[in-house]
Amino acid sequence: MAPARAGFCPLLLPLLLGLWVAEDLVSAKPKHMTSAQWFETQHVQPSPQGCRRTMGHINQHTKHCKGLNTFLHESFSSVATTCQAPSIACKNGHENCHQSKGPVSLTTCELTSGRYPDCRYKEKKLHASYIIACDPPQKEDSGKFHLVPVHLDKVL
């Protein structure tokens, strides 16, 4: 019996690469920001300001409606202090995550409808702990911290 030919394979690779690139563009940080600066833009909001306004600012950078976002109502310095907590495993298996010492005030913004730039969100206020991924600062970051937050991994 002759082996089956994989005639669709040459077409499958460009399709998969296209999907991968599209996903990368949707979640990509702006080129002019460091990972810590993008984290601060997306997740640090000392005073609650409402989802519509603040998500509009984030969505301007990515040119799409972000499906879900969480704002920590703490200063960047306070969030960065969490990076000094013991390391734990992140959802992706890396060991650069750290859990907050206790619950903080936060707001989640969940996309309910709309298309960019007219994105509509449901706002939910919570008091919860969180887990962040931290990395050494990039040269454009402040030298104030040994590690800086770069990803909000989980809200507990």
# chains A, B, ... in the order shown; residues from 1 in each chain; ligands from 1

$ residues_around --residues "range 118-133 of chain A" --least-positions-apart "3" --cutoff "6 Å" --atoms "only C-alpha atoms" --output "MDAnalysis selection string"
chainID A and resid 65 96:100 102:115 149:156

$ residues_around --residues "range 35-41 of chain A" --least-positions-apart "4" --cutoff "12 Å" --atoms "only C-alpha atoms" --output "PyMOL selection string"
chain A and resi 27-31+45-46+54-62+69-80+83+132-143+145+147-153

$ write_last_selection --atoms "C-alpha atoms" --output "PDB file, in the first residue's frame"
ATOM      1  CA  SER A  27      -0.649  40.844  22.700  1.00  0.00           C
ATOM      2  CA  ALA A  28       2.531  42.737  21.774  1.00  0.00           C
ATOM      3  CA  LYS A  29       3.767  45.601  23.889  1.00  0.00           C
ATOM      4  CA  PRO A  30       4.412  48.899  22.143  1.00  0.00           C
ATOM      5  CA  LYS A  31       7.962  49.118  20.795  1.00  0.00           C
ATOM      6  CA  GLN A  45      -3.834  52.422  38.572  1.00  0.00           C
ATOM      7  CA  PRO A  46      -3.458  53.884  42.079  1.00  0.00           C
ATOM      8  CA  THR A  54      -8.539  53.472  30.948  1.00  0.00           C
ATOM      9  CA  MET A  55      -9.190  50.575  28.579  1.00  0.00           C
ATOM     10  CA  GLY A  56      -9.515  53.116  25.777  1.00  0.00           C
ATOM     11  CA  HIS A  57      -5.944  54.215  26.544  1.00  0.00           C
ATOM     12  CA  ILE A  58      -4.643  50.623  26.493  1.00  0.00           C
ATOM     13  CA  ASN A  59      -6.589  49.730  23.352  1.00  0.00           C
ATOM     14  CA  GLN A  60      -5.105  52.751  21.526  1.00  0.00           C
ATOM     15  CA  HIS A  61      -1.696  51.070  21.801  1.00  0.00           C
ATOM     16  CA  THR A  62      -2.872  47.680  20.479  1.00  0.00           C
ATOM     17  CA  ASN A  69      -7.758  43.409  32.004  1.00  0.00           C
ATOM     18  CA  THR A  70      -7.080  43.898  35.689  1.00  0.00           C
ATOM     19  CA  PHE A  71      -6.008  47.131  37.348  1.00  0.00           C
ATOM     20  CA  LEU A  72      -4.199  46.988  40.692  1.00  0.00           C
ATOM     21  CA  HIS A  73      -5.032  50.058  42.788  1.00  0.00           C
ATOM     22  CA  GLU A  74      -1.520  50.390  44.174  1.00  0.00           C
ATOM     23  CA  SER A  75       1.512  52.462  43.242  1.00  0.00           C
ATOM     24  CA  PHE A  76       4.087  50.963  40.880  1.00  0.00           C
ATOM     25  CA  SER A  77       6.589  50.961  43.781  1.00  0.00           C
ATOM     26  CA  SER A  78       4.190  48.982  45.946  1.00  0.00           C
ATOM     27  CA  VAL A  79       3.574  46.425  43.183  1.00  0.00           C
ATOM     28  CA  ALA A  80       7.322  46.207  42.445  1.00  0.00           C
ATOM     29  CA  CYS A  83       8.963  41.080  43.324  1.00  0.00           C
ATOM     30  CA  ILE A 132       3.074  38.747  39.075  1.00  0.00           C
ATOM     31  CA  ALA A 133       6.071  37.738  36.974  1.00  0.00           C
ATOM     32  CA  CYS A 134       9.189  39.819  37.547  1.00  0.00           C
ATOM     33  CA  ASP A 135      12.382  40.253  35.541  1.00  0.00           C
ATOM     34  CA  PRO A 136      15.514  42.367  35.910  1.00  0.00           C
ATOM     35  CA  PRO A 137      14.888  45.918  34.683  1.00  0.00           C
ATOM     36  CA  GLN A 138      15.821  46.912  31.153  1.00  0.00           C
ATOM     37  CA  LYS A 139      18.300  49.776  30.724  1.00  0.00           C
ATOM     38  CA  GLU A 140      15.427  52.220  30.035  1.00  0.00           C
ATOM     39  CA  ASP A 141      13.770  51.352  33.385  1.00  0.00           C
ATOM     40  CA  SER A 142      14.521  53.089  36.648  1.00  0.00           C
ATOM     41  CA  GLY A 143      17.449  51.527  38.478  1.00  0.00           C
ATOM     42  CA  PHE A 145      14.439  48.042  41.681  1.00  0.00           C
ATOM     43  CA  LEU A 147      13.380  43.157  39.778  1.00  0.00           C
ATOM     44  CA  VAL A 148      10.387  44.808  38.094  1.00  0.00           C
ATOM     45  CA  PRO A 149       6.891  43.475  37.338  1.00  0.00           C
ATOM     46  CA  VAL A 150       6.390  42.481  33.690  1.00  0.00           C
ATOM     47  CA  HIS A 151       3.256  40.297  33.709  1.00  0.00           C
ATOM     48  CA  LEU A 152       0.111  39.891  35.825  1.00  0.00           C
ATOM     49  CA  ASP A 153      -0.065  36.124  36.034  1.00  0.00           C
TER      50      ASP A 153
END

$ select_by_dssp --residues "range 68-116 of chain A" --states "helix (DSSP H, G or I)" --output "list of chain:residue names"
A:Phe76, A:Ser77, A:Ser78, A:Val79, A:Ala80, A:Thr81, A:Thr82, A:Cys83, A:Gln84

$ write_last_selection --atoms "all heavy atoms" --output "short mmCIF file (atom, residue, chain, number, x, y, z; two decimals), in the first residue's frame"
data_model
loop_
_atom_site.label_atom_id
_atom_site.label_comp_id
_atom_site.auth_asym_id
_atom_site.auth_seq_id
_atom_site.Cartn_x
_atom_site.Cartn_y
_atom_site.Cartn_z
N PHE A 76 3.15 51.87 41.53
CA PHE A 76 4.09 50.96 40.88
C PHE A 76 5.12 50.47 41.89
O PHE A 76 5.48 49.29 41.90
CB PHE A 76 4.78 51.65 39.69
CG PHE A 76 5.72 50.74 38.97
CD1 PHE A 76 5.24 49.82 38.04
CD2 PHE A 76 7.08 50.77 39.22
CE1 PHE A 76 6.09 48.95 37.36
CE2 PHE A 76 7.95 49.92 38.55
CZ PHE A 76 7.46 49.01 37.63
N SER A 77 5.60 51.35 42.77
CA SER A 77 6.59 50.96 43.78
C SER A 77 6.06 49.86 44.68
O SER A 77 6.77 48.91 45.00
CB SER A 77 6.99 52.16 44.63
OG SER A 77 7.70 53.08 43.86
N SER A 78 4.80 49.99 45.08
CA SER A 78 4.19 48.98 45.95
C SER A 78 4.08 47.64 45.23
O SER A 78 4.37 46.58 45.79
CB SER A 78 2.81 49.46 46.39
OG SER A 78 2.18 48.48 47.18
N VAL A 79 3.68 47.66 43.96
CA VAL A 79 3.57 46.43 43.18
C VAL A 79 4.97 45.84 42.97
O VAL A 79 5.18 44.63 43.11
CB VAL A 79 2.85 46.66 41.84
CG1 VAL A 79 2.84 45.39 40.99
CG2 VAL A 79 1.42 47.14 42.07
N ALA A 80 5.96 46.69 42.67
CA ALA A 80 7.32 46.21 42.45
C ALA A 80 7.91 45.56 43.69
O ALA A 80 8.71 44.63 43.59
CB ALA A 80 8.20 47.35 41.96
N THR A 81 7.49 46.01 44.87
CA THR A 81 7.95 45.41 46.12
C THR A 81 7.55 43.93 46.19
O THR A 81 8.25 43.12 46.79
CB THR A 81 7.38 46.19 47.33
OG1 THR A 81 7.83 47.53 47.22
CG2 THR A 81 7.82 45.61 48.64
N THR A 82 6.46 43.57 45.55
CA THR A 82 6.02 42.17 45.50
C THR A 82 7.09 41.29 44.86
O THR A 82 7.20 40.10 45.18
CB THR A 82 4.68 42.05 44.75
OG1 THR A 82 3.70 42.85 45.44
CG2 THR A 82 4.18 40.63 44.66
N CYS A 83 7.89 41.85 43.98
CA CYS A 83 8.96 41.08 43.32
C CYS A 83 10.01 40.59 44.32
O CYS A 83 10.80 39.70 43.99
CB CYS A 83 9.64 41.92 42.24
SG CYS A 83 8.57 42.37 40.86
N GLN A 84 10.03 41.16 45.53
CA GLN A 84 10.97 40.73 46.57
C GLN A 84 10.47 39.51 47.34
O GLN A 84 11.22 38.90 48.09
CB GLN A 84 11.24 41.88 47.53
CG GLN A 84 11.91 43.06 46.87
CD GLN A 84 11.97 44.27 47.79
OE1 GLN A 84 11.66 44.21 48.98
NE2 GLN A 84 12.37 45.40 47.23
#

$ select_by_dssp --residues "range 45-84 of chain A" --states "strand (DSSP E)" --output "number ranges by chain"
A: 68-72

$ write_last_selection --atoms "all heavy atoms" --output "short mmCIF file (atom, residue, chain, number, x, y, z; two decimals), in the first residue's frame"
data_model
loop_
_atom_site.label_atom_id
_atom_site.label_comp_id
_atom_site.auth_asym_id
_atom_site.auth_seq_id
_atom_site.Cartn_x
_atom_site.Cartn_y
_atom_site.Cartn_z
N LEU A 68 -9.96 41.12 28.50
CA LEU A 68 -10.01 41.15 29.96
C LEU A 68 -8.76 41.85 30.46
O LEU A 68 -7.66 41.58 29.96
CB LEU A 68 -10.08 39.73 30.52
CG LEU A 68 -10.13 39.59 32.05
CD1 LEU A 68 -11.42 40.16 32.61
CD2 LEU A 68 -9.98 38.13 32.44
N ASN A 69 -8.91 42.73 31.42
CA ASN A 69 -7.76 43.41 32.00
C ASN A 69 -8.03 43.67 33.47
O ASN A 69 -9.18 43.90 33.88
CB ASN A 69 -7.48 44.73 31.29
CG ASN A 69 -6.11 45.26 31.63
OD1 ASN A 69 -5.10 44.65 31.30
ND2 ASN A 69 -6.06 46.40 32.32
N THR A 70 -6.98 43.64 34.26
CA THR A 70 -7.08 43.90 35.69
C THR A 70 -6.20 45.07 36.06
O THR A 70 -5.03 45.13 35.65
CB THR A 70 -6.65 42.66 36.50
OG1 THR A 70 -7.49 41.56 36.14
CG2 THR A 70 -6.77 42.90 37.99
N PHE A 71 -6.76 46.00 36.83
CA PHE A 71 -6.01 47.13 37.35
C PHE A 71 -5.80 46.94 38.84
O PHE A 71 -6.76 46.71 39.59
CB PHE A 71 -6.77 48.44 37.12
CG PHE A 71 -6.84 48.84 35.67
CD1 PHE A 71 -8.01 48.65 34.95
CD2 PHE A 71 -5.73 49.39 35.04
CE1 PHE A 71 -8.07 49.02 33.62
CE2 PHE A 71 -5.80 49.75 33.70
CZ PHE A 71 -6.97 49.57 32.99
N LEU A 72 -4.54 47.04 39.27
CA LEU A 72 -4.20 46.99 40.69
C LEU A 72 -4.19 48.42 41.20
O LEU A 72 -3.51 49.28 40.64
CB LEU A 72 -2.81 46.36 40.86
CG LEU A 72 -2.60 45.00 40.21
CD1 LEU A 72 -1.13 44.59 40.27
CD2 LEU A 72 -3.48 43.95 40.88
#

$ atom_distance --atom1 "CA of His64 in chain A" --atom2 "CA of Met33 in chain A"
18.0 Å

$ atom_distance --atom1 "CA of Cys90 in chain A" --atom2 "CA of Lys144 in chain A"
24.2 Å

$ decode --residues "range 91-110 of chain A" --atoms "N, CA and C atoms" --output "mmCIF file, in the first residue's frame"
data_model
loop_
_atom_site.group_PDB
_atom_site.id
_atom_site.type_symbol
_atom_site.label_atom_id
_atom_site.label_comp_id
_atom_site.auth_asym_id
_atom_site.auth_seq_id
_atom_site.Cartn_x
_atom_site.Cartn_y
_atom_site.Cartn_z
ATOM 1 N N LYS A 91 2.075 30.364 35.750
ATOM 2 C CA LYS A 91 1.207 29.468 34.972
ATOM 3 C C LYS A 91 1.962 28.821 33.813
ATOM 4 N N ASN A 92 2.962 29.530 33.254
ATOM 5 C CA ASN A 92 3.712 28.991 32.120
ATOM 6 C C ASN A 92 4.872 28.087 32.552
ATOM 7 N N GLY A 93 5.025 27.862 33.872
ATOM 8 C CA GLY A 93 6.069 26.983 34.378
ATOM 9 C C GLY A 93 7.363 27.695 34.751
ATOM 10 N N HIS A 94 7.526 28.948 34.337
ATOM 11 C CA HIS A 94 8.734 29.697 34.718
ATOM 12 C C HIS A 94 8.691 29.976 36.215
ATOM 13 N N GLU A 95 9.840 30.148 36.810
ATOM 14 C CA GLU A 95 9.928 30.324 38.263
ATOM 15 C C GLU A 95 10.175 31.781 38.667
ATOM 16 N N ASN A 96 9.650 32.725 37.894
ATOM 17 C CA ASN A 96 9.895 34.136 38.206
ATOM 18 C C ASN A 96 8.639 34.857 38.698
ATOM 19 N N CYS A 97 7.704 34.120 39.271
ATOM 20 C CA CYS A 97 6.488 34.746 39.787
ATOM 21 C C CYS A 97 6.593 34.964 41.283
ATOM 22 N N HIS A 98 5.785 35.913 41.767
ATOM 23 C CA HIS A 98 5.797 36.307 43.169
ATOM 24 C C HIS A 98 4.370 36.670 43.566
ATOM 25 N N GLN A 99 3.970 36.252 44.765
ATOM 26 C CA GLN A 99 2.606 36.522 45.247
ATOM 27 C C GLN A 99 2.599 37.718 46.181
ATOM 28 N N SER A 100 1.576 38.560 46.032
ATOM 29 C CA SER A 100 1.434 39.721 46.912
ATOM 30 C C SER A 100 1.288 39.259 48.357
ATOM 31 N N LYS A 101 1.705 40.112 49.288
ATOM 32 C CA LYS A 101 1.650 39.762 50.715
ATOM 33 C C LYS A 101 0.221 39.596 51.198
ATOM 34 N N GLY A 102 -0.689 40.289 50.574
ATOM 35 C CA GLY A 102 -2.084 40.225 50.991
ATOM 36 C C GLY A 102 -2.979 40.786 49.907
ATOM 37 N N PRO A 103 -4.276 40.805 50.172
ATOM 38 C CA PRO A 103 -5.211 41.332 49.171
ATOM 39 C C PRO A 103 -5.069 42.839 48.991
ATOM 40 N N VAL A 104 -5.347 43.283 47.774
ATOM 41 C CA VAL A 104 -5.338 44.712 47.439
ATOM 42 C C VAL A 104 -6.643 45.031 46.714
ATOM 43 N N SER A 105 -6.937 46.301 46.630
ATOM 44 C CA SER A 105 -8.091 46.746 45.858
ATOM 45 C C SER A 105 -7.727 46.647 44.385
ATOM 46 N N LEU A 106 -8.643 46.095 43.580
ATOM 47 C CA LEU A 106 -8.404 45.994 42.139
ATOM 48 C C LEU A 106 -9.715 46.040 41.391
ATOM 49 N N THR A 107 -9.607 46.302 40.098
ATOM 50 C CA THR A 107 -10.774 46.349 39.218
ATOM 51 C C THR A 107 -10.491 45.483 38.005
ATOM 52 N N THR A 108 -11.450 44.640 37.652
ATOM 53 C CA THR A 108 -11.350 43.892 36.402
ATOM 54 C C THR A 108 -12.286 44.535 35.394
ATOM 55 N N CYS A 109 -11.825 44.567 34.155
ATOM 56 C CA CYS A 109 -12.602 45.107 33.048
ATOM 57 C C CYS A 109 -12.769 43.991 32.027
ATOM 58 N N GLU A 110 -14.013 43.555 31.820
ATOM 59 C CA GLU A 110 -14.301 42.468 30.889
ATOM 60 C C GLU A 110 -15.076 43.010 29.695
#
